[in-house]
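So this one's model-v1.txt, compact mmCIF, C-alpha atoms:
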# COMPACT_ATOMS: atom_id res chain seq x y z
CA MET A 248 129.40 122.51 42.09
CA ALA A 249 128.83 121.60 45.76
CA SER A 250 125.27 122.03 47.02
CA GLN A 251 124.55 124.52 49.78
CA ARG A 252 124.51 123.00 53.25
CA ARG A 253 121.07 122.28 54.63
CA ARG A 254 120.59 124.57 57.64
CA ALA A 255 118.35 124.24 60.69
CA VAL A 256 116.90 127.51 61.94
CA VAL A 257 115.22 128.62 65.15
CA VAL A 258 111.78 129.93 64.18
CA ALA A 259 110.28 130.64 67.61
CA GLY A 260 110.56 129.85 71.30
CA ALA A 261 108.21 129.86 74.25
CA ARG A 262 108.51 129.06 77.92
CA THR A 263 106.42 128.97 81.03
CA PRO A 264 107.13 131.53 83.70
CA PHE A 265 109.90 130.26 85.96
CA VAL A 266 108.79 129.98 89.59
CA ARG A 267 110.44 128.91 92.81
CA ALA A 268 109.97 125.23 93.62
CA PHE A 269 107.15 124.30 96.02
CA THR A 270 105.13 127.41 95.19
CA ASP A 271 102.74 128.09 92.30
CA PHE A 272 103.65 125.10 90.10
CA THR A 273 103.81 122.44 92.80
CA ARG A 274 100.82 120.55 91.35
CA LEU A 275 102.24 120.62 87.82
CA ASP A 276 104.77 117.88 87.11
CA SER A 277 107.49 118.00 84.49
CA ILE A 278 105.20 116.56 81.80
CA ALA A 279 102.46 119.10 82.50
CA LEU A 280 104.95 121.97 82.41
CA ALA A 281 106.41 120.66 79.15
CA GLY A 282 102.92 120.47 77.68
CA ALA A 283 102.19 124.06 78.70
CA ALA A 284 105.35 125.33 77.01
CA VAL A 285 104.81 123.34 73.81
CA ARG A 286 101.13 124.29 73.63
CA GLY A 287 102.07 127.94 74.04
CA LEU A 288 104.74 127.62 71.35
CA ILE A 289 102.27 126.10 68.89
CA GLU A 290 99.66 128.78 69.57
CA ARG A 291 102.13 131.67 69.47
CA SER A 292 103.93 130.53 66.32
CA GLY A 293 100.83 129.48 64.41
CA ILE A 294 102.42 126.21 63.27
CA GLU A 295 99.87 123.58 62.29
CA PRO A 296 100.16 120.87 64.97
CA ALA A 297 99.91 118.14 62.33
CA ARG A 298 103.10 119.42 60.69
CA ILE A 299 105.29 118.73 63.73
CA GLN A 300 107.27 115.60 62.95
CA SER A 301 109.28 115.02 66.12
CA ILE A 302 109.91 116.28 69.65
CA VAL A 303 113.22 116.09 71.51
CA TRP A 304 113.03 116.91 75.20
CA GLY A 305 115.55 117.42 77.96
CA GLY A 306 115.05 116.64 81.62
CA VAL A 307 117.03 115.88 84.75
CA VAL A 308 114.48 114.85 87.38
CA LEU A 309 112.58 112.48 85.08
CA PRO A 310 109.25 111.02 86.23
CA SER A 311 109.78 107.30 86.75
CA HIS A 312 106.28 106.38 85.54
CA ALA A 313 106.82 108.08 82.14
CA PRO A 314 110.43 109.17 81.62
CA ASN A 315 110.08 109.78 77.87
CA ILE A 316 108.52 113.22 78.34
CA ALA A 317 108.76 114.07 74.64
CA ARG A 318 106.36 111.34 73.58
CA GLU A 319 103.99 112.03 76.47
CA VAL A 320 103.71 115.67 75.38
CA ALA A 321 102.91 114.64 71.80
CA LEU A 322 100.13 112.38 73.10
CA ASP A 323 98.79 114.87 75.66
CA LEU A 324 98.51 117.62 73.04
CA ASN A 325 96.88 115.29 70.49
CA LEU A 326 99.58 115.83 67.92
CA ASP A 327 99.73 113.49 64.95
CA PHE A 328 100.36 109.94 66.18
CA GLY A 329 103.33 109.83 63.82
CA CYS A 330 105.06 112.63 65.76
CA GLU A 331 107.76 110.62 67.47
CA GLY A 332 109.70 111.79 70.46
CA TYR A 333 112.69 110.99 72.61
CA THR A 334 114.07 112.44 75.83
CA VAL A 335 117.68 113.25 76.62
CA THR A 336 119.37 113.88 79.93
CA ARG A 337 122.72 115.64 80.26
CA ALA A 338 122.27 117.28 83.65
CA CYS A 339 121.85 121.06 83.36
CA ALA A 340 122.88 120.95 79.70
CA SER A 341 119.86 118.75 78.83
CA GLY A 342 117.87 121.57 77.23
CA LEU A 343 120.73 122.62 74.97
CA GLN A 344 121.39 118.96 74.15
CA ALA A 345 117.77 118.57 73.05
CA VAL A 346 117.87 121.65 70.84
CA THR A 347 121.19 120.79 69.19
CA SER A 348 120.05 117.19 68.69
CA ALA A 349 117.00 118.48 66.83
CA ALA A 350 119.12 120.87 64.77
CA ALA A 351 121.45 118.03 63.83
CA ALA A 352 118.55 115.80 62.82
CA ILE A 353 117.12 118.52 60.59
CA GLU A 354 120.49 119.21 59.01
CA ARG A 355 120.91 115.48 58.30
CA GLY A 356 117.57 115.55 56.51
CA GLU A 357 115.69 113.33 58.96
CA TYR A 358 112.96 115.91 59.62
CA ASP A 359 111.87 119.34 58.44
CA ILE A 360 109.92 120.55 61.48
CA MET A 361 110.76 119.73 65.10
CA ILE A 362 110.18 121.01 68.61
CA ALA A 363 112.91 120.74 71.23
CA GLY A 364 113.23 121.95 74.77
CA GLY A 365 113.28 120.87 78.36
CA SER A 366 111.50 120.98 81.69
CA ASP A 367 111.94 120.09 85.31
CA SER A 368 109.78 120.16 88.42
CA THR A 369 111.88 120.04 91.54
CA SER A 370 108.59 120.18 93.43
CA ASN A 371 107.79 116.72 92.10
CA ALA A 372 111.17 115.09 92.59
CA GLU A 373 110.53 111.53 93.69
CA ILE A 374 111.74 110.41 97.09
CA LYS A 375 113.83 107.29 96.67
CA LEU A 376 113.43 104.35 99.01
CA PRO A 377 116.65 102.81 100.31
CA GLN A 378 117.69 99.78 98.24
CA LYS A 379 117.43 97.66 101.38
CA VAL A 380 113.67 98.28 101.36
CA VAL A 381 113.33 97.80 97.60
CA HIS A 382 115.15 94.47 97.62
CA ALA A 383 113.03 93.20 100.49
CA VAL A 384 109.61 94.44 99.39
CA ALA A 385 109.70 94.28 95.57
CA PRO A 386 109.45 90.46 95.25
CA VAL A 387 106.33 90.54 97.43
CA ALA A 388 104.78 93.57 95.77
CA LEU A 389 105.34 92.21 92.26
CA GLY A 390 104.53 88.57 92.89
CA LYS A 391 101.88 86.39 94.54
CA PRO A 392 103.06 86.33 98.14
CA LYS A 393 102.27 83.71 100.72
CA PRO A 394 102.02 84.50 104.45
CA MET A 395 105.57 83.28 105.03
CA ASP A 396 106.85 85.77 102.43
CA TYR A 397 105.80 88.68 104.62
CA LEU A 398 107.76 87.26 107.51
CA GLU A 399 110.77 87.05 105.21
CA VAL A 400 110.38 90.77 104.41
CA VAL A 401 110.40 91.58 108.12
CA ARG A 402 113.49 89.44 108.60
CA GLN A 403 115.36 91.21 105.79
CA LEU A 404 114.47 94.67 107.08
CA ALA A 405 115.52 93.95 110.65
CA PRO A 406 117.19 95.63 112.39
CA PHE A 407 114.92 98.50 111.33
CA THR A 408 117.62 101.03 110.64
CA ASP A 409 118.28 102.82 107.38
CA ILE A 410 114.80 102.11 106.00
CA LEU A 411 113.41 105.65 105.87
CA PRO A 412 113.54 107.63 102.60
CA ARG A 413 116.49 109.97 102.35
CA GLN A 414 116.36 113.61 101.37
CA PRO A 415 117.59 114.03 97.78
CA LYS A 416 120.80 116.03 97.40
CA ILE A 417 122.19 117.82 94.35
CA ALA A 418 125.55 116.14 94.66
CA GLU A 419 128.09 114.39 92.47
CA ARG A 420 127.67 110.62 92.63
CA THR A 421 131.40 110.03 92.19
CA THR A 422 132.64 112.53 94.76
CA GLY A 423 129.67 113.19 97.05
CA GLU A 424 130.33 116.90 96.68
CA VAL A 425 127.21 119.07 96.83
CA MET A 426 127.03 121.68 94.06
CA GLY A 427 127.20 124.56 96.52
CA GLU A 428 130.36 123.06 97.96
CA SER A 429 131.75 122.92 94.42
CA ALA A 430 131.01 126.61 93.99
CA GLU A 431 132.75 127.41 97.26
CA LYS A 432 135.80 125.49 96.10
CA MET A 433 135.82 127.36 92.80
CA ALA A 434 135.64 130.69 94.63
CA ARG A 435 138.70 129.75 96.69
CA ILE A 436 140.73 128.38 93.79
CA ASN A 437 140.01 131.31 91.49
CA GLY A 438 140.00 134.13 94.04
CA ILE A 439 136.35 135.12 93.64
CA SER A 440 135.26 137.37 96.50
CA ARG A 441 131.89 137.50 98.23
CA ALA A 442 131.51 141.14 97.15
CA ASP A 443 132.05 140.22 93.49
CA GLN A 444 129.50 137.42 93.73
CA ASP A 445 126.87 139.67 95.31
CA GLU A 446 127.49 142.39 92.72
CA PHE A 447 127.04 139.84 89.94
CA ALA A 448 123.82 138.53 91.49
CA ALA A 449 122.35 142.01 91.96
CA ARG A 450 123.12 142.84 88.33
CA SER A 451 121.37 139.65 87.22
CA HIS A 452 118.20 140.60 89.10
CA HIS A 453 118.24 144.19 87.85
CA ARG A 454 118.69 143.15 84.23
CA ALA A 455 115.97 140.50 84.43
CA ALA A 456 113.62 143.00 86.04
CA ALA A 457 114.37 145.53 83.32
CA ALA A 458 113.71 142.90 80.64
CA ILE A 459 110.33 142.08 82.18
CA ALA A 460 109.40 145.76 82.57
CA SER A 461 110.38 146.57 78.99
CA GLY A 462 108.31 143.71 77.56
CA ARG A 463 111.43 141.90 76.31
CA PHE A 464 109.99 138.57 77.52
CA ASP A 465 106.41 139.15 76.35
CA ASP A 466 106.86 137.11 73.18
CA GLU A 467 108.75 134.43 75.10
CA VAL A 468 106.74 133.73 78.26
CA VAL A 469 103.31 132.06 77.95
CA PRO A 470 100.80 132.27 80.81
CA VAL A 471 100.04 129.11 82.77
CA THR A 472 96.90 128.46 84.79
CA THR A 473 97.56 126.23 87.78
CA PRO A 474 95.19 123.42 88.84
CA SER A 475 93.87 125.76 91.54
CA GLY A 476 92.92 128.34 88.91
CA THR A 477 95.73 130.83 89.53
CA LEU A 478 97.11 132.52 86.41
CA ILE A 479 100.90 132.87 86.40
CA ASP A 480 102.04 135.08 83.54
CA THR A 481 105.50 136.28 84.56
CA ASP A 482 108.67 135.05 86.23
CA THR A 483 108.21 135.23 89.98
CA ILE A 484 111.75 134.86 91.36
CA VAL A 485 113.19 138.13 90.00
CA ARG A 486 113.76 140.79 92.65
CA ALA A 487 113.94 144.28 91.14
CA ASN A 488 114.59 145.89 94.53
CA THR A 489 117.50 143.75 95.62
CA SER A 490 120.91 145.35 96.13
CA VAL A 491 124.47 144.46 96.98
CA ASP A 492 123.83 145.73 100.52
CA LYS A 493 120.80 143.46 100.94
CA LEU A 494 122.62 140.46 99.51
CA ALA A 495 125.55 141.10 101.83
CA THR A 496 123.33 140.41 104.85
CA LEU A 497 122.68 136.79 103.84
CA ARG A 498 124.56 134.02 105.58
CA PRO A 499 126.72 131.50 103.70
CA VAL A 500 124.86 128.24 103.10
CA PHE A 501 127.52 125.62 102.49
CA GLU A 502 130.47 126.71 104.66
CA ARG A 503 130.50 128.66 107.89
CA ASP A 504 132.99 131.20 106.57
CA GLY A 505 132.05 130.71 102.93
CA THR A 506 130.89 133.12 100.23
CA VAL A 507 128.03 131.26 98.52
CA THR A 508 124.58 132.31 99.74
CA ALA A 509 120.99 131.82 98.68
CA GLY A 510 121.25 135.25 97.08
CA ASN A 511 124.18 134.60 94.75
CA ALA A 512 123.12 131.10 93.69
CA SER A 513 120.34 129.92 91.41
CA PRO A 514 117.23 128.73 93.31
CA LEU A 515 115.40 125.44 92.93
CA THR A 516 112.89 126.17 90.17
CA ASP A 517 109.95 124.69 88.24
CA GLY A 518 109.43 125.50 84.58
CA ALA A 519 109.70 124.50 80.92
CA SER A 520 110.98 125.98 77.68
CA ALA A 521 110.41 124.94 74.06
CA VAL A 522 111.94 125.88 70.70
CA LEU A 523 110.50 125.45 67.20
CA LEU A 524 113.12 124.46 64.63
CA MET A 525 112.79 123.93 60.88
CA SER A 526 114.96 123.53 57.86
CA GLU A 527 115.51 127.02 56.49
CA GLU A 528 113.94 126.07 53.18
CA THR A 529 110.79 124.78 54.89
CA ALA A 530 110.54 127.82 57.15
CA ARG A 531 110.68 130.27 54.27
CA ALA A 532 108.30 128.19 52.14
CA MET A 533 105.75 128.28 54.98
CA GLY A 534 106.13 132.02 55.48
CA PHE A 535 108.08 131.92 58.75
CA THR A 536 110.92 134.35 59.41
CA PRO A 537 113.91 132.51 60.88
CA LEU A 538 115.46 134.09 63.95
CA ALA A 539 118.80 132.35 64.22
CA ALA A 540 120.81 129.27 63.33
CA PHE A 541 123.59 127.31 64.99
CA ARG A 542 127.05 127.96 63.65
CA SER A 543 128.57 125.41 66.05
CA TRP A 544 128.26 123.68 69.39
CA SER A 545 130.56 121.83 71.76
CA PHE A 546 130.05 119.45 74.69
CA VAL A 547 133.04 118.61 76.88
CA SER A 548 133.81 116.99 80.23
CA VAL A 549 136.31 117.71 83.00
CA ASP A 550 137.34 115.88 86.18
CA PRO A 551 134.47 116.30 88.71
CA ALA A 552 136.96 116.03 91.56
CA ASP A 553 138.74 119.15 90.31
CA GLN A 554 136.31 121.98 89.45
CA VAL A 555 133.13 120.27 88.40
CA LEU A 556 131.49 123.44 87.04
CA ILE A 557 134.43 124.88 85.07
CA GLY A 558 133.50 123.07 81.84
CA PRO A 559 132.30 126.15 79.90
CA ALA A 560 135.84 127.57 80.08
CA ILE A 561 136.71 124.74 77.68
CA SER A 562 133.46 124.26 75.71
CA MET A 563 133.10 127.97 74.88
CA PRO A 564 136.54 128.27 73.23
CA ARG A 565 135.97 124.99 71.40
CA ALA A 566 132.62 126.18 70.06
CA LEU A 567 134.34 129.36 68.87
CA ASP A 568 137.06 127.30 67.18
CA LYS A 569 134.48 125.16 65.42
CA ALA A 570 132.73 128.30 64.20
CA GLY A 571 136.01 129.77 62.96
CA MET A 572 135.60 132.71 65.32
CA THR A 573 137.26 134.40 68.27
CA LEU A 574 135.64 135.86 71.35
CA ALA A 575 136.16 139.32 69.86
CA ASP A 576 133.80 138.35 67.00
CA ILE A 577 130.90 137.67 69.41
CA ASP A 578 128.22 140.30 70.05
CA LEU A 579 126.39 138.67 72.99
CA VAL A 580 127.49 136.14 75.61
CA ASP A 581 124.99 134.17 77.69
CA ILE A 582 126.32 131.98 80.51
CA HIS A 583 124.18 129.84 82.80
CA GLU A 584 124.42 131.26 86.31
CA ALA A 585 124.38 128.18 88.49
CA PHE A 586 126.33 130.25 91.02
CA ALA A 587 127.92 133.66 90.72
CA ALA A 588 131.19 132.05 91.87
CA GLN A 589 131.02 129.54 89.01
CA THR A 590 130.21 132.11 86.32
CA LEU A 591 132.92 134.50 87.50
CA SER A 592 135.40 131.60 87.62
CA VAL A 593 134.64 130.72 84.00
CA LEU A 594 135.11 134.34 82.94
CA LYS A 595 138.41 134.51 84.81
CA MET A 596 139.70 131.37 83.09
CA LEU A 597 138.81 132.78 79.69
CA GLU A 598 141.09 135.71 80.55
CA SER A 599 143.91 133.45 81.80
CA ALA A 600 146.95 132.80 79.61
CA GLU A 601 147.95 129.97 81.96
CA TRP A 602 144.55 128.31 81.51
CA ALA A 603 144.90 128.69 77.75
CA LYS A 604 148.29 127.00 77.75
CA THR A 605 147.53 124.16 80.17
CA ARG A 606 143.91 123.36 79.31
CA LEU A 607 143.31 124.64 75.79
CA ASP A 608 146.72 124.06 74.18
CA ARG A 609 146.92 127.61 72.89
CA ASP A 610 149.42 130.40 73.45
CA GLU A 611 147.06 133.24 74.26
CA ALA A 612 144.07 133.70 76.53
CA VAL A 613 140.63 133.39 74.97
CA GLY A 614 139.81 136.95 75.98
CA SER A 615 137.68 139.13 78.23
CA VAL A 616 133.90 139.28 78.08
CA ASP A 617 132.50 142.82 78.12
CA ILE A 618 130.05 142.99 81.04
CA ASP A 619 127.68 145.01 78.84
CA THR A 620 127.32 142.05 76.47
CA LEU A 621 127.06 139.35 79.17
CA ASN A 622 123.66 137.98 80.23
CA VAL A 623 121.99 141.16 79.03
CA HIS A 624 118.57 140.10 80.35
CA GLY A 625 119.71 138.38 83.53
CA GLY A 626 120.24 134.70 84.05
CA SER A 627 119.60 131.71 86.24
CA ILE A 628 120.32 133.50 89.53
CA SER A 629 117.44 135.90 88.95
CA LEU A 630 115.15 134.04 86.55
CA GLY A 631 115.58 130.62 88.14
CA HIS A 632 116.92 127.32 86.88
CA PRO A 633 114.55 124.45 86.04
CA PHE A 634 117.43 122.11 85.25
CA GLY A 635 116.31 120.74 81.88
CA ALA A 636 114.75 124.00 80.67
CA THR A 637 117.63 126.45 81.01
CA GLY A 638 119.43 125.62 77.75
CA ALA A 639 116.27 126.08 75.68
CA ARG A 640 115.52 129.33 77.54
CA MET A 641 118.94 130.66 76.63
CA VAL A 642 118.52 129.70 72.97
CA THR A 643 115.11 131.40 72.83
CA THR A 644 116.23 134.60 74.54
CA MET A 645 119.38 134.95 72.46
CA ALA A 646 117.63 134.10 69.16
CA ASN A 647 115.02 136.77 69.91
CA GLU A 648 117.70 139.27 70.90
CA LEU A 649 119.70 138.73 67.71
CA ALA A 650 116.60 139.16 65.58
CA ARG A 651 115.42 142.19 67.55
CA THR A 652 118.69 144.11 67.70
CA GLY A 653 120.31 143.11 64.43
CA LYS A 654 123.39 141.84 66.24
CA GLU A 655 125.06 138.95 64.47
CA THR A 656 126.26 136.33 66.96
CA ALA A 657 125.77 134.99 70.47
CA LEU A 658 127.91 132.56 72.48
CA LEU A 659 126.22 130.30 75.05
CA GLY A 660 127.90 128.51 77.94
CA ILE A 661 126.42 126.02 80.41
CA CYS A 662 128.01 124.09 83.28
CA ALA A 663 126.50 120.79 84.36
CA ALA A 664 126.91 117.99 86.86
CA GLY A 665 129.41 115.31 86.01
CA GLY A 666 131.96 117.91 84.96
CA ILE A 667 130.12 118.75 81.74
CA GLY A 668 130.52 121.96 79.79
CA ALA A 669 128.13 122.81 76.95
CA SER A 670 128.32 125.70 74.51
CA ALA A 671 126.94 126.89 71.20
CA VAL A 672 127.38 129.76 68.78
CA LEU A 673 124.15 131.23 67.42
CA GLU A 674 124.09 133.46 64.36
CA ARG A 675 121.33 135.75 63.17
CA VAL A 676 119.58 134.61 60.00

Could you render the structure from this file as structure tokens?
Amino acid sequence: MASQRRRAVVVAGARTPFVRAFTDFTRLDSIALAGAAVRGLIERSGIEPARIQSIVWGGVVLPSHAPNIAREVALDLNLDFGCEGYTVTRACASGLQAVTSAAAAIERGEYDIMIAGGSDSTSNAEIKLPQKVVHAVAPVALGKPKPMDYLEVVRQLAPFTDILPRQPKIAERTTGEVMGESAEKMARINGISRADQDEFAARSHHRAAAAIASGRFDDEVVPVTTPSGTLIDTDTIVRANTSVDKLATLRPVFERDGTVTAGNASPLTDGASAVLLMSEETARAMGFTPLAAFRSWSFVSVDPADQVLIGPAISMPRALDKAGMTLADIDLVDIHEAFAAQTLSVLKMLESAEWAKTRLDRDEAVGSVDIDTLNVHGGSISLGHPFGATGARMVTTMANELARTGKETALLGICAAGGIGASAVLERV
């Protein structure tokens, strides 16, 4: 008789408040934010720190002096020296990649208890020197220069153009297209109006505000004290009093006659989110009540020169296929809101029979998502989007919601730079 499959379960999740970049968390880098989330997770869950065997972490803007954030967190929190760690980067899908990597490792029998998550601090993004400067200065800075070497540096830098640091841009390396420009293109291609985008954004804020007011996030968000002594204990980007009328007054950001504004796009954000995973057998033996498990996941890629953020319209159906389910079987849908235009485009493609035939090799459309089941507690537009943290936030929120409501399944969808789509199906345990 075949043995029962070993299953990884989500036991708990915790995250820092999400705050707008260059505000309250400016003096906390990605490692510090990660440490705050993991520390809060350990304290909230009651797991013995010595029992944690491994950390997997996701990040996008990695600190160059210590890019393996996972291991730095283990050391900073004085976890057992045997707690190993590695860091993954898959653009905005990094957090989900970290969590599914941990789940896979547990299900393979490599570990019994792991922490996975992600963090990013846009406030601490490093300003890159032009390569012209690096090539000229590095040999002198790293060697034992002689006076003539400095003259050689001056010679290489002359004429003194193109030597100042450049402002970082969230753009595709292969196409040069800025993400907001990508969203504008998606709005045009898929017929997404400005009014629809603003309505979607307002709904996101209202739902997030309702979740905060109802205490839905109380067991998810851990307070963080900044270096200046300020206590931040709730998400600070959410605007309960926003409206479609207010959003309609904002000017387009990326095109003069465009539809994408600061109000219907996710803001630059600092924050971290962590998830505690165990084998189901270990969790029950230790007295923990599992919240959810992964029935499937899917990571895909599309042509960045086409619609770089349309990936979830492929990864979501594939995750459903792997789970042996249809969209009609899903109770909750949670889609990363990089831009309202992007999210609405994905939803429209799921409803499209033409998309199904040409991109999914199936005869019928995937189906329509009921707005009442979509992003029930808001999303990245209202809560914010610390790139590497969003996937772990979504897993935590949906795992808690399944356990709290008794609903059975949740479908996650995330778009990411490089044309990546990432999805997972969570099931209540």

Listing only residues of range 482-571 of chain A within 12 Å of range 333-337 of chain A, what is the closest atom pair and its distance in Å (to one decimal) for each, using only C-alpha atoms, sorted by chain and residue number ascending, as a tab-separated table?
residue	atom	partner	partner_atom	distance
A:Phe546	CA	A:Arg337	CA	10.0
A:Val547	CA	A:Arg337	CA	11.3
A:Ser548	CA	A:Arg337	CA	11.2

From the options A:Gly365, A:Gly626, A:Gly476, A:Gly423, which residue's atoms come nearest to Phe586 in chain A, counting all atoms listed in the file?
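Answer, going by the shortest atom-to-atom distance: A:Gly626.
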
Kindly give the distance, in Å, that separates CA of Glu431 in chain A and CA of His452 in chain A, rounded to a single decimal.
21.3 Å

Exercise on range 489-504 of chain A, axis-aligned box with 4 Å per side, report centre and edge lengths in Å to one decimal, as lines of an AutoDock Vina configuration file:
center_x = 125.2
center_y = 135.7
center_z = 101.8
size_x = 23.5
size_y = 28.1
size_z = 20.3

What does the distance from CA of Asp617 in chain A to CA of Ala350 in chain A come to in Å, to one decimal?
29.0 Å

At what distance in Å, to one decimal, does CA of Val256 in chain A lie from CA of Ala455 in chain A?
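Answer for the CA of Ala455 in chain A to CA of Val256 in chain A separation: 26.0 Å.
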
Nearest candidate to Leu594 in chain A (options A:Leu579, A:Ile479, A:Ile439, A:Ala487; using all atoms listed in the file)
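The closest residue to Leu594 in chain A is A:Ile439.
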
When distances are computed from only C-alpha atoms, which of A:Arg402, A:Arg291, A:His583, A:Lys393 shows the smallest separation from Gly668 in chain A?
A:His583

Determine the nearest neighbour of Glu502 in chain A from the options A:Ala430, A:Met525, A:Ala585, A:Ala449, counting all atoms listed in the file.
A:Ala430

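Residues lying within 7 Å of range 556-569 of chain A, counting all atoms listed in the file and ignoring same-chain neighbours fewer than 3 positions away, are Ser543, Trp544, Ser545, Phe546, Val547, Ser548, Val549, Met572, Thr573, Gln589, Val593, Met596, Leu597, Leu607, Val613, Gly660, Ile661, Cys662, Ala663, Gly666, Ile667, Gly668, Ala669, Ser670, Ala671 and Val672 of chain A.
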
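Residues surrounding Gly631 in chain A within 9 Å are A:Phe265, A:Val266, A:Arg267, A:Asp482, A:Thr483, A:Ile484, A:Val485, A:Ser513, A:Pro514, A:Leu515, A:Thr516, A:Asp517, A:Gly518, A:Gly626, A:Ser627, A:Ile628, A:Thr637 [only C-alpha atoms; sequence separation below 3 positions excluded].
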
Give me a file of those residues, with C-alpha atoms, as a tab-separated table (two decimals), in the frame of the given file.
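Final file, result.tsv:
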chain	number	residue	atom	x	y	z
A	265	PHE	CA	109.90	130.26	85.96
A	266	VAL	CA	108.79	129.98	89.59
A	267	ARG	CA	110.44	128.91	92.81
A	482	ASP	CA	108.67	135.05	86.23
A	483	THR	CA	108.21	135.23	89.98
A	484	ILE	CA	111.75	134.86	91.36
A	485	VAL	CA	113.19	138.13	90.00
A	513	SER	CA	120.34	129.92	91.41
A	514	PRO	CA	117.23	128.73	93.31
A	515	LEU	CA	115.40	125.44	92.93
A	516	THR	CA	112.89	126.17	90.17
A	517	ASP	CA	109.95	124.69	88.24
A	518	GLY	CA	109.43	125.50	84.58
A	626	GLY	CA	120.24	134.70	84.05
A	627	SER	CA	119.60	131.71	86.24
A	628	ILE	CA	120.32	133.50	89.53
A	637	THR	CA	117.63	126.45	81.01

Between range 518-619 of chain A and range 342-349 of chain A, at 9 Å or less, what are the per-residue closest atom pairs and their distances in Å? Count all atoms listed in the file, order by chain and rising residue number, and return it as CSV.
residue,atom,partner,partner_atom,distance
A:Ser520,CA,A:Gly342,CA,8.2
A:Ala521,CA,A:Val346,CA,8.8
A:Val522,CA,A:Val346,CA,7.3
A:Leu524,CA,A:Ala349,CA,7.5
A:Phe541,CA,A:Thr347,CA,8.1
A:Trp544,CA,A:Thr347,CA,7.6
A:Phe546,CA,A:Gln344,CA,8.7

Would you please work out which residue, of A:Ala495, A:Leu478, A:Met361, A:Leu288, is nearest to Ala509 in chain A when using only C-alpha atoms?
A:Ala495

Counting all atoms listed in the file, the residue of A:Leu523, A:Val425, A:Ala650, A:Ala530 that sits nearest Arg675 in chain A:
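Looking at the shortest contact to Arg675 in chain A, the residue is A:Ala650.
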
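The protein and nucleic acid residues lying at most 9 Å from Leu494 in chain A are Asp445, Glu446, Ala448, Ala449, Thr489, Ser490, Val491, Asp492, Thr496, Leu497, Thr508, Ala509, Gly510 and Asn511 of chain A, with only C-alpha atoms considered and sequence neighbours fewer than 2 positions away removed.
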